[in-house]
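**Q** Contents of work-v3.cif (mmCIF, C-alpha atoms and all ligand atoms) are given next:
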data_query
loop_
_atom_site.label_atom_id
_atom_site.label_comp_id
_atom_site.auth_asym_id
_atom_site.auth_seq_id
_atom_site.Cartn_x
_atom_site.Cartn_y
_atom_site.Cartn_z
CA MET J 1 18.15 34.70 9.59
CA ALA J 2 20.34 32.86 7.08
CA ASP J 3 19.07 32.70 3.50
CA LYS J 4 19.36 28.97 3.25
CA PRO J 5 19.15 26.32 5.91
CA ARG J 6 22.52 24.84 6.75
CA SER J 7 23.18 21.43 5.22
CA PRO J 8 23.06 18.74 7.81
CA ILE J 9 26.35 17.18 8.85
CA GLU J 10 25.93 13.52 8.18
CA SER J 11 27.44 11.22 10.69
CA GLY J 12 26.48 7.62 11.28
CA CYS J 13 26.71 4.72 8.95
CA PRO J 14 27.38 5.31 5.25
CA ASP J 15 24.73 4.81 2.58
CA GLY J 16 24.41 1.05 2.18
CA PHE J 17 23.36 1.22 -1.48
CA GLN J 18 26.93 1.71 -2.63
CA TYR J 19 27.79 -1.74 -1.26
CA ILE J 20 24.87 -3.63 -2.80
CA HIS J 21 25.50 -5.90 -5.76
CA PRO J 22 24.87 -3.80 -8.93
CA VAL J 23 22.07 -6.09 -10.17
CA MET J 24 20.33 -5.81 -6.78
CA ARG J 25 20.76 -2.04 -6.87
CA LYS J 26 19.39 -1.73 -10.37
CA ASN J 27 16.30 -3.83 -9.61
CA TYR J 28 15.69 -2.55 -6.11
CA GLY J 29 11.94 -2.63 -5.41
CA ALA J 30 11.19 -4.01 -8.88
CA TRP J 31 11.29 -7.76 -8.49
CA LYS J 32 8.79 -9.85 -10.42
CA PHE J 33 9.14 -13.02 -8.37
CA HIS J 34 11.60 -15.06 -6.41
CA GLU J 35 11.98 -18.78 -5.87
CA HIS J 36 13.98 -21.25 -3.84
CA PRO J 37 15.77 -23.71 -6.14
CA LYS J 38 17.42 -25.57 -3.27
CA PRO J 39 18.31 -25.13 0.42
CA GLY J 40 20.54 -22.11 0.92
CA VAL J 41 19.96 -20.72 -2.58
CA LEU J 42 17.45 -18.06 -3.71
CA ARG J 43 16.73 -16.81 -7.21
CA HIS J 44 15.20 -13.37 -7.76
CA VAL J 45 13.92 -12.28 -11.16
CA GLY J 46 13.25 -8.61 -11.86
CA TYR J 47 10.75 -6.96 -14.22
CA SER J 48 13.80 -5.83 -16.19
CA GLY J 49 14.54 -9.50 -17.01
CA ASP J 50 17.65 -9.51 -14.79
CA GLU J 51 18.07 -12.33 -12.37
CA ILE J 52 20.26 -12.74 -9.33
CA TRP J 53 21.16 -15.85 -7.34
CA THR J 54 21.86 -15.64 -3.63
CA VAL J 55 23.84 -18.26 -1.73
CA ARG J 56 23.48 -18.09 2.06
CA VAL J 57 26.29 -19.36 4.25
CA GLY J 58 26.36 -19.95 8.00
CA THR J 59 29.30 -18.61 9.96
CA GLN J 60 30.59 -19.37 13.43
CA ARG J 61 29.18 -16.00 14.60
CA ILE J 62 32.41 -14.49 15.99
CA LEU J 63 34.64 -13.99 13.00
CA ASP J 64 38.38 -13.69 13.30
CA VAL J 65 40.35 -11.73 10.71
CA PHE J 66 41.55 -14.90 9.00
CA SER J 67 37.98 -16.17 8.43
CA LEU J 68 36.79 -12.76 7.28
CA ARG J 69 39.60 -12.56 4.73
CA GLU J 70 38.77 -16.07 3.59
CA LEU J 71 35.09 -15.19 3.11
CA CYS J 72 35.98 -11.97 1.29
CA ASP J 73 38.42 -13.81 -0.98
CA ILE J 74 35.62 -16.19 -1.98
CA GLY J 75 33.44 -13.13 -2.71
CA ASP J 76 36.22 -11.63 -4.87
CA GLU J 77 36.78 -14.83 -6.80
CA PHE J 78 33.23 -16.10 -7.30
CA ALA J 79 30.71 -13.38 -6.46
CA ASP J 80 31.74 -10.24 -8.34
CA GLY J 81 33.51 -8.85 -5.25
CA TYR J 82 30.35 -8.42 -3.13
CA ILE J 83 29.49 -9.89 0.24
CA HIS J 84 26.50 -9.26 2.47
CA PHE J 85 25.98 -10.01 6.18
CA THR J 86 22.48 -10.79 7.35
CA ILE J 87 21.17 -9.79 10.77
CA ARG J 88 21.64 -13.41 11.83
CA SER J 89 25.37 -13.33 11.02
CA ASN J 90 25.00 -15.35 7.88
CA VAL J 91 26.97 -14.33 4.82
CA GLU J 92 25.23 -13.99 1.47
CA TYR J 93 26.94 -14.04 -1.87
CA MET J 94 25.07 -12.81 -4.93
CA VAL J 95 25.81 -13.72 -8.52
CA SER J 96 24.02 -12.77 -11.70
CA ASP J 97 25.26 -15.76 -13.71
CA PRO J 98 23.64 -19.12 -12.78
CA ALA J 99 26.77 -20.94 -13.98
CA LYS J 100 28.67 -19.41 -11.04
CA VAL J 101 26.37 -20.83 -8.35
CA GLU J 102 27.73 -24.37 -8.08
CA PRO J 103 31.44 -23.39 -8.21
CA LEU J 104 30.68 -20.85 -5.48
CA ILE J 105 29.01 -23.47 -3.29
CA GLU J 106 31.93 -25.85 -3.86
CA ALA J 107 34.45 -23.18 -2.87
CA ILE J 108 32.49 -22.35 0.28
CA THR J 109 32.01 -25.94 1.41
CA ALA J 110 35.66 -26.74 0.66
CA LYS J 111 36.58 -24.11 3.28
CA GLY J 112 34.32 -25.76 5.87
CA TYR J 113 31.36 -23.39 5.76
CA ILE J 114 27.75 -24.55 5.45
CA VAL J 115 25.18 -23.43 2.93
CA GLY J 116 21.59 -23.25 4.20
CA GLY J 117 19.28 -21.23 6.43
CA THR J 118 16.63 -20.43 3.84
CA LYS J 119 12.89 -21.12 3.67
CA ASN J 120 11.58 -23.76 6.13
CA SER J 121 14.90 -24.45 7.85
CA VAL J 122 16.20 -23.45 11.27
CA ALA J 123 17.91 -20.15 10.51
CA MET J 124 21.07 -19.16 12.36
CA LEU J 125 20.34 -18.20 15.96
CA SER J 126 20.33 -14.47 16.36
CA HIS J 127 22.22 -13.36 19.39
CA THR J 128 23.13 -10.53 21.60
CA GLN J 129 26.71 -9.64 22.38
CA GLY J 130 27.45 -11.31 25.70
CA TRP J 131 30.92 -10.73 27.01
CA LEU J 132 32.07 -9.37 23.66
CA HIS J 133 31.16 -5.72 24.07
CA CYS J 134 28.30 -5.26 26.48
CA ASP J 135 28.64 -4.31 30.14
CA ILE J 136 25.68 -6.17 31.67
CA PRO J 137 25.52 -9.74 30.41
CA GLY J 138 24.78 -12.69 32.63
CA THR J 139 26.15 -15.14 30.12
CA ASP J 140 27.99 -15.40 26.85
CA ALA J 141 25.23 -15.39 24.24
CA SER J 142 27.57 -16.01 21.32
CA GLY J 143 28.84 -19.21 22.90
CA VAL J 144 25.26 -20.49 23.23
CA VAL J 145 24.74 -19.75 19.53
CA LYS J 146 27.82 -21.67 18.45
CA SER J 147 27.09 -24.72 20.64
CA MET J 148 23.44 -24.95 19.61
CA MET J 149 24.06 -24.43 15.91
CA ASP J 150 26.69 -27.18 16.00
CA GLU J 151 23.88 -29.51 17.06
CA LEU J 152 21.29 -28.07 14.67
CA ILE J 153 23.52 -28.11 11.63
CA ASP J 154 21.30 -30.54 9.70
CA GLU J 155 18.23 -28.43 10.37
CA PHE J 156 20.12 -25.41 9.00
CA ARG J 157 21.33 -27.27 5.93
CA GLU J 158 17.99 -28.81 4.98
CA CYS J 159 14.45 -27.54 4.73
CA ASN J 160 12.69 -30.10 6.91
CA MET J 161 10.70 -27.92 9.27
CA PRO J 162 6.99 -27.11 8.80
CA ASN J 163 7.97 -23.46 8.39
CA ARG J 164 10.99 -21.33 9.13
CA VAL J 165 12.25 -21.33 12.72
CA HIS J 166 13.92 -18.29 14.21
CA ILE J 167 15.79 -18.83 17.46
CA THR J 168 17.19 -15.99 19.52
CA THR J 169 19.36 -15.56 22.59
CA SER J 170 19.55 -12.86 25.20
CA CYS J 171 22.40 -12.51 27.66
CA CYS J 172 20.65 -10.21 30.15
CA GLN J 173 17.02 -10.10 31.19
CA ILE J 174 16.16 -6.57 30.18
CA ASN J 175 17.49 -5.41 26.85
CA CYS J 176 18.09 -6.76 23.38
CA GLY J 177 17.30 -10.15 21.91
CA GLY J 178 14.74 -12.61 23.05
CA GLN J 179 11.84 -12.47 20.58
CA GLY J 180 11.69 -15.52 18.37
CA ASP J 181 9.95 -18.82 17.70
CA ILE J 182 12.26 -20.09 20.42
CA ALA J 183 14.23 -17.76 22.70
CA ILE J 184 16.97 -18.74 25.13
CA ASN J 185 17.20 -16.01 27.75
CA ILE J 186 19.19 -15.47 30.89
CA GLN J 187 17.15 -15.65 34.10
CA HIS J 188 18.46 -14.25 37.37
CA THR J 189 16.98 -15.95 40.40
CA LYS J 190 18.46 -13.97 43.32
CA PRO J 191 18.32 -10.24 44.13
CA PRO J 192 21.52 -8.23 43.62
CA LYS J 193 24.26 -8.24 46.25
CA ILE J 194 25.38 -4.71 47.08
CA ASN J 195 29.01 -3.76 47.64
CA HIS J 196 28.33 -0.79 49.93
CA ASP J 197 31.95 0.42 49.87
CA LEU J 198 31.70 1.23 46.18
CA VAL J 199 28.17 2.60 45.77
CA SER J 200 28.87 6.20 46.78
CA ASN J 201 31.85 6.46 44.40
CA VAL J 202 30.39 4.67 41.41
CA CYS J 203 26.59 5.01 41.31
CA GLU J 204 24.23 7.88 40.74
CA ARG J 205 21.76 6.79 43.38
CA PRO J 206 18.68 8.64 42.04
CA SER J 207 19.15 7.00 38.60
CA VAL J 208 19.41 3.57 40.18
CA VAL J 209 16.34 4.12 42.34
CA ALA J 210 14.38 5.34 39.30
CA ARG J 211 15.50 2.40 37.23
CA CYS J 212 13.84 -0.32 39.33
CA PRO J 213 10.53 -1.34 37.73
CA VAL J 214 8.97 -2.40 41.04
CA ALA J 215 10.35 0.38 43.28
CA ALA J 216 12.37 -2.07 45.34
CA ILE J 217 15.47 0.14 45.75
CA ARG J 218 15.77 2.84 48.41
CA PRO J 219 18.62 5.15 49.35
CA ALA J 220 20.21 4.16 52.66
CA MET J 221 23.19 5.08 54.83
CA VAL J 222 25.43 2.08 55.48
CA ASN J 223 28.51 2.33 57.74
CA GLY J 224 28.18 6.12 57.56
CA LYS J 225 28.32 6.19 53.77
CA PRO J 226 25.50 6.86 51.31
CA SER J 227 24.43 3.59 49.74
CA LEU J 228 21.32 1.72 48.65
CA GLU J 229 19.15 -1.07 49.95
CA VAL J 230 16.88 -3.54 48.16
CA ASP J 231 13.51 -4.75 49.40
CA GLU J 232 14.07 -8.38 48.46
CA LYS J 233 10.39 -9.27 48.78
CA LYS J 234 9.57 -6.84 45.98
CA CYS J 235 12.63 -7.52 43.78
CA ILE J 236 11.83 -9.47 40.61
CA CYS J 237 15.55 -10.18 39.93
CA CYS J 238 15.45 -8.41 36.57
CA GLY J 239 19.00 -7.02 36.76
CA ALA J 240 18.04 -3.52 35.58
CA CYS J 241 19.90 -1.93 38.50
CA PHE J 242 23.24 -3.51 37.56
CA PRO J 243 24.04 -1.38 34.43
CA PRO J 244 23.85 2.02 36.18
CA CYS J 245 25.33 0.60 39.40
CA PRO J 246 27.89 -2.21 38.91
CA PRO J 247 28.33 -2.65 42.69
CA MET J 248 24.82 -4.19 42.62
CA GLN J 249 26.16 -7.50 41.36
CA ILE J 250 23.37 -9.82 40.20
CA ASN J 251 25.18 -12.18 37.83
CA ASP J 252 26.00 -15.37 39.66
CA ALA J 253 27.65 -18.57 38.48
CA GLU J 254 25.12 -20.73 40.28
CA HIS J 255 21.93 -18.69 40.47
CA SER J 256 21.89 -17.09 37.02
CA LYS J 257 20.04 -19.65 34.93
CA LEU J 258 18.69 -19.94 31.43
CA ALA J 259 15.02 -19.95 30.47
CA VAL J 260 13.39 -21.00 27.21
CA TRP J 261 10.44 -19.09 25.78
CA VAL J 262 8.48 -20.00 22.64
CA GLY J 263 5.97 -18.61 20.17
CA GLY J 264 7.15 -15.03 19.64
CA ASN J 265 6.42 -13.64 16.22
CA HIS J 266 6.25 -10.22 14.65
CA SER J 267 3.06 -9.16 12.94
CA ASN J 268 2.81 -9.64 9.21
CA ALA J 269 0.27 -9.09 6.46
CA ARG J 270 -1.94 -11.90 7.81
CA SER J 271 -1.55 -11.99 11.56
CA LYS J 272 -1.08 -9.93 14.68
CA PRO J 273 2.16 -10.11 16.69
CA THR J 274 2.35 -12.89 19.26
CA PHE J 275 4.21 -12.76 22.52
CA GLN J 276 6.47 -15.57 23.55
CA LYS J 277 5.67 -17.57 26.68
CA LEU J 278 7.94 -19.22 29.22
CA VAL J 279 8.13 -23.02 28.83
CA ALA J 280 11.30 -24.00 30.69
CA ALA J 281 13.03 -22.19 33.55
CA GLY J 282 15.95 -22.76 35.88
CA ILE J 283 18.05 -24.46 33.18
CA PRO J 284 21.74 -24.59 34.21
CA ASN J 285 23.82 -21.92 32.51
CA ASN J 286 26.45 -24.45 31.68
CA PRO J 287 29.32 -23.36 29.40
CA PRO J 288 31.10 -24.21 27.21
CA ARG J 289 28.44 -26.34 25.43
CA TRP J 290 25.16 -25.68 27.32
CA PRO J 291 23.95 -29.30 26.88
CA GLU J 292 20.79 -28.96 29.03
CA ALA J 293 19.44 -25.93 27.16
CA THR J 294 20.34 -27.47 23.81
CA ALA J 295 18.49 -30.69 24.68
CA ILE J 296 15.32 -28.72 25.48
CA VAL J 297 15.50 -26.73 22.24
CA LYS J 298 16.03 -29.92 20.22
CA ASN J 299 13.11 -31.55 21.98
CA ILE J 300 10.78 -28.64 21.14
CA LEU J 301 11.95 -28.69 17.53
CA LYS J 302 11.35 -32.44 17.30
CA ALA J 303 7.78 -32.13 18.59
CA TYR J 304 7.11 -29.20 16.26
CA LYS J 305 8.53 -31.04 13.25
CA GLU J 306 6.46 -34.16 13.95
CA ASP J 307 3.18 -32.52 14.81
CA ALA J 308 2.81 -29.15 13.06
CA LYS J 309 1.06 -28.84 9.72
CA ASP J 310 2.87 -27.44 6.73
CA TRP J 311 3.47 -23.68 7.03
CA GLU J 312 2.49 -23.47 10.69
CA ARG J 313 5.02 -21.41 12.66
CA ILE J 314 5.61 -22.55 16.25
CA ASN J 315 3.07 -20.04 17.60
CA ASP J 316 0.43 -21.22 15.06
CA TRP J 317 1.05 -24.83 16.01
CA ILE J 318 0.67 -24.14 19.75
CA GLU J 319 -2.42 -22.03 19.12
CA ARG J 320 -3.99 -24.99 17.29
CA ILE J 321 -3.08 -27.76 19.73
CA GLY J 322 -3.29 -25.70 22.95
CA TRP J 323 -0.71 -25.26 25.72
CA PRO J 324 -1.58 -28.46 27.64
CA ARG J 325 -0.84 -30.54 24.53
CA PHE J 326 2.35 -28.58 23.94
CA PHE J 327 3.64 -29.54 27.39
CA GLU J 328 2.59 -33.16 26.82
CA LYS J 329 4.27 -33.41 23.45
CA THR J 330 7.52 -31.83 24.58
CA ASN J 331 7.58 -33.63 27.96
CA LEU J 332 8.39 -30.34 29.64
CA PRO J 333 7.15 -30.08 33.23
CA PHE J 334 4.46 -27.46 33.86
CA THR J 335 5.24 -25.68 37.14
CA LYS J 336 3.88 -22.78 39.18
CA TYR J 337 6.54 -20.58 37.56
CA HIS J 338 4.67 -20.79 34.27
CA ILE J 339 1.71 -18.91 35.71
CA ASP J 340 1.83 -15.22 35.06
CA ASN J 341 1.03 -13.77 38.48
CA TRP J 342 2.41 -10.28 37.93
CA ARG J 343 -0.23 -7.73 38.88
CA GLY J 344 0.04 -6.00 35.51
CA ALA J 345 -0.89 -9.28 33.80
CA ARG J 346 -4.57 -8.77 34.55
CA ASN J 347 -5.16 -7.80 30.92
CA SER J 348 -3.61 -10.97 29.57
CA LEU J 349 -5.13 -13.44 32.05
CA ASN J 350 -8.02 -15.54 30.91
CA ALA J 351 -10.48 -13.92 33.28
CA SER J 352 -13.73 -14.62 31.44
CA THR J 353 -16.20 -17.30 32.48
CA HIS J 354 -16.46 -18.64 28.95
CA ILE J 355 -15.17 -22.14 28.34
CA ARG J 356 -12.50 -22.09 25.64
CA PHE J 357 -11.31 -24.98 23.57
S1 LIG Z 1 20.96 -8.82 25.93
FE1 LIG Z 1 21.62 -7.42 27.57
S2 LIG Z 1 23.71 -8.07 28.13
FE2 LIG Z 1 23.22 -8.98 26.14
S3 LIG Z 1 24.06 -7.53 24.65
FE3 LIG Z 1 21.89 -7.00 24.96
S4 LIG Z 1 21.91 -5.42 26.58
FE4 LIG Z 1 23.90 -6.47 26.60
S1 LIG Z 2 17.02 -6.61 40.16
FE1 LIG Z 2 15.37 -5.40 39.19
S2 LIG Z 2 13.66 -5.55 40.63
FE2 LIG Z 2 15.50 -6.18 41.75
S3 LIG Z 2 16.23 -4.32 42.71
FE3 LIG Z 2 17.32 -4.47 40.77
S4 LIG Z 2 16.06 -3.28 39.31
FE4 LIG Z 2 14.77 -3.68 41.13
#
Now that the file is in, can you turn its structure into structure tokens?

**A**
Amino acid sequence: MADKPRSPIESGCPDGFQYIHPVMRKNYGAWKFHEHPKPGVLRHVGYSGDEIWTVRVGTQRILDVFSLRELCDIGDEFADGYIHFTIRSNVEYMVSDPAKVEPLIEAITAKGYIVGGTKNSVAMLSHTQGWLHCDIPGTDASGVVKSMMDELIDEFRECNMPNRVHITTSCCQINCGGQGDIAINIQHTKPPKINHDLVSNVCERPSVVARCPVAAIRPAMVNGKPSLEVDEKKCICCGACFPPCPPMQINDAEHSKLAVWVGGNHSNARSKPTFQKLVAAGIPNNPPRWPEATAIVKNILKAYKEDAKDWERINDWIERIGWPRFFEKTNLPFTKYHIDNWRGARNSLNASTHIRF
């Protein structure tokens, strides 16, 4: 046995601390308080007496090299050479001198970027990758983000909402994205079409069979070749078979739709997590501007803004007014598709005889 354990070989992303603004690094975990002087600007004060001002800037989500250089140049000139990307693709600049805040905002807005996204505003939509670098999308999530944020620009720039609103997108039905106050998700409505000529060369059939959550896929011989078949009565059109077996094409220009879900929230110090619920389905997946989905999101935001009490998140608001009132206030039709009839939903169904208000 060796005397000393071998040092691990570090691969993966580098230590992020080296890229943090020095004042942030010095005061990490030792902040006395923070405040919100105006939309898009935060001020943190540390126990050491240091303070740091953060200016948050919305981007168009997919950044070309020119825009990136432009944003970095602003960071070099006004923000001590540091730049920070948030998980919602915003850019944050940090400065330790309050006199630098306004010139920084002027330089950013002069280049056409928008400052905002803090406190009780609509933050930038978070998004999955869509056609950019994923192999299973049913739509271009980044395009939905850009089109919707173009319409919600005033809600990003100002703090007019009862509380913060996080909107998310998801470009397939099974993987990342899709948990937010409002989520715009792809929704397949037809079972996959199988290209039997390709299955035996491309797919590992046992993996595909194992992948189906409702056991709807079976091995089959078609035209003398090993292939697969789908029991369409069982299929829930989730699209999980498409990634391991691309010949099971499920994405469809007409039948892949969008759905809007609301009320998802992570747990925090005061409340349990809440699961989002479907409120609109079968919305046309209509690039390049997705006007139907955007209209529904704006409508929900309008009802929330008018009716929610201060500091209620969307899930708190719906919990208080109840789902029937939510559908009345948003004018969204309630259909049979809103009823959770999946057999595993027994735990979440209201099965008690007690009357609830
Ligand atoms: S949501 Fe699905 S398709 Fe979109 S990036 Fe994530 S895994 Fe890929
Ligand atoms: S779409 Fe989903 S439910 Fe339908 S066959 Fe494929 S994996 Fe199974």

**Q** Quick one: residues within 6 Å of ligand LIG 2 (chain Z), with all atoms listed in the file, as an MDAnalysis selection string?

**A** chainID J and resid 191:192 212:214 216:217 230 235:241

**Q** Please give the centre and size of the box around ligand LIG 1 (chain Z) (axis-aligned, containing every atom listed in the file, 6 Å added per side), with values in Å to one decimal and written as JSON.

**A**
{"center_x": 22.5, "center_y": -7.2, "center_z": 26.4, "size_x": 15.1, "size_y": 15.6, "size_z": 15.5}

**Q** Calculate how many Å separate atom CA of J:Thr168 from atom CA of J:Cys13, rounding to one decimal.

**A**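 Rounded to one decimal, the two atoms are 25.1 Å apart.
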
**Q** Taking only C-alpha atoms and all ligand atoms into account, list the residues no farther than 6 Å from ligand LIG 1 (chain Z), as a compact mmCIF listing (two decimals) with C-alpha atoms, in the coordinates of the input.

**A**
# COMPACT_ATOMS: atom_id res chain seq x y z
CA THR J 128 23.13 -10.53 21.60
CA GLN J 129 26.71 -9.64 22.38
CA GLY J 130 27.45 -11.31 25.70
CA CYS J 134 28.30 -5.26 26.48
CA ILE J 136 25.68 -6.17 31.67
CA PRO J 137 25.52 -9.74 30.41
CA SER J 170 19.55 -12.86 25.20
CA CYS J 171 22.40 -12.51 27.66
CA CYS J 172 20.65 -10.21 30.15
CA ASN J 175 17.49 -5.41 26.85
CA CYS J 176 18.09 -6.76 23.38
CA GLY J 177 17.30 -10.15 21.91

**Q** Could you please determine the separation between atom CA of J:Lys302 and atom CA of J:Val55 in Å, to one decimal place?

**A** 26.8 Å

**Q** Write out as an MDAnalysis selection string which residues come within 9 Å of J:Gly138 when counting all atoms listed in the file, dropping same-chain ones fewer than 3 positions away.

**A** chainID J and resid 130:131 141 171:173 186:188 250:253 256:257

**Q** Please list, as an MDAnalysis selection string, the residues that have an atom at most 12 Å away from (25.8, 6.8, 49.7) in the coordinates of this file, counting all atoms listed in the file.

**A** chainID J and resid 194:206 208 218:229

**Q** Could you list, as a compact mmCIF listing (two decimals) with C-alpha atoms, in the frame of the given file, every residue within 7 Å of J:Thr274, counting all atoms listed in the file and ignoring same-chain residues fewer than 4 positions away?

**A**
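Dumped to result.txt:
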# COMPACT_ATOMS: atom_id res chain seq x y z
CA GLY J 263 5.97 -18.61 20.17
CA GLY J 264 7.15 -15.03 19.64
CA ASN J 265 6.42 -13.64 16.22
CA HIS J 266 6.25 -10.22 14.65

**Q** Any idea what's packed within 12 Å of J:Ala99, counting only C-alpha atoms, ignoring anything in its chain fewer than 2 positions away? Could you give it as a VMD selection string?

**A** chain J and resid 52 to 53 78 to 79 95 to 97 101 to 105

**Q** Got a minute to add N, CA, C and O atoms to stretch 305-322 of chain J and dump it as a tab-separated table (two decimals), keeping the file's coordinate frame?

**A**
chain	number	residue	atom	x	y	z
J	305	LYS	N	8.33	-30.43	14.58
J	305	LYS	CA	8.53	-31.04	13.25
J	305	LYS	C	7.56	-32.19	13.04
J	305	LYS	O	7.00	-32.37	11.95
J	306	GLU	N	7.32	-32.98	14.10
J	306	GLU	CA	6.46	-34.16	13.95
J	306	GLU	C	4.99	-33.80	13.90
J	306	GLU	O	4.19	-34.47	13.25
J	307	ASP	N	4.61	-32.74	14.59
J	307	ASP	CA	3.18	-32.52	14.81
J	307	ASP	C	2.58	-31.34	14.05
J	307	ASP	O	1.38	-31.32	13.78
J	308	ALA	N	3.39	-30.34	13.69
J	308	ALA	CA	2.81	-29.15	13.06
J	308	ALA	C	2.45	-29.44	11.61
J	308	ALA	O	3.06	-30.29	10.96
J	309	LYS	N	1.43	-28.71	11.13
J	309	LYS	CA	1.06	-28.84	9.72
J	309	LYS	C	1.99	-27.96	8.89
J	309	LYS	O	2.60	-27.02	9.42
J	310	ASP	N	2.02	-28.24	7.61
J	310	ASP	CA	2.87	-27.44	6.73
J	310	ASP	C	2.53	-25.96	6.88
J	310	ASP	O	1.36	-25.58	6.89
J	311	TRP	N	3.54	-25.14	6.97
J	311	TRP	CA	3.47	-23.68	7.03
J	311	TRP	C	3.01	-23.14	8.37
J	311	TRP	O	2.89	-21.94	8.53
J	312	GLU	N	2.77	-24.00	9.36
J	312	GLU	CA	2.49	-23.47	10.69
J	312	GLU	C	3.81	-23.06	11.34
J	312	GLU	O	4.73	-23.87	11.42
J	313	ARG	N	3.89	-21.81	11.82
J	313	ARG	CA	5.02	-21.41	12.66
J	313	ARG	C	4.77	-22.00	14.05
J	313	ARG	O	3.67	-22.47	14.35
J	314	ILE	N	5.77	-21.92	14.93
J	314	ILE	CA	5.61	-22.55	16.25
J	314	ILE	C	4.40	-21.96	16.99
J	314	ILE	O	3.62	-22.68	17.61
J	315	ASN	N	4.21	-20.63	16.89
J	315	ASN	CA	3.07	-20.04	17.60
J	315	ASN	C	1.74	-20.53	17.01
J	315	ASN	O	0.77	-20.77	17.74
J	316	ASP	N	1.67	-20.72	15.68
J	316	ASP	CA	0.43	-21.22	15.06
J	316	ASP	C	0.14	-22.64	15.53
J	316	ASP	O	-0.99	-23.00	15.79
J	317	TRP	N	1.19	-23.43	15.59
J	317	TRP	CA	1.05	-24.83	16.01
J	317	TRP	C	0.51	-24.90	17.45
J	317	TRP	O	-0.44	-25.61	17.74
J	318	ILE	N	1.12	-24.10	18.35
J	318	ILE	CA	0.67	-24.14	19.75
J	318	ILE	C	-0.75	-23.61	19.87
J	318	ILE	O	-1.57	-24.14	20.61
J	319	GLU	N	-1.06	-22.58	19.10
J	319	GLU	CA	-2.42	-22.03	19.12
J	319	GLU	C	-3.43	-23.11	18.73
J	319	GLU	O	-4.51	-23.21	19.30
J	320	ARG	N	-3.06	-23.95	17.77
J	320	ARG	CA	-3.99	-24.99	17.29
J	320	ARG	C	-4.12	-26.12	18.31
J	320	ARG	O	-5.23	-26.55	18.63
J	321	ILE	N	-2.98	-26.58	18.85
J	321	ILE	CA	-3.08	-27.76	19.73
J	321	ILE	C	-3.35	-27.37	21.19
J	321	ILE	O	-3.80	-28.21	21.96
J	322	GLY	N	-3.07	-26.14	21.56
J	322	GLY	CA	-3.29	-25.70	22.95
J	322	GLY	C	-2.05	-25.96	23.79
J	322	GLY	O	-1.25	-26.86	23.52
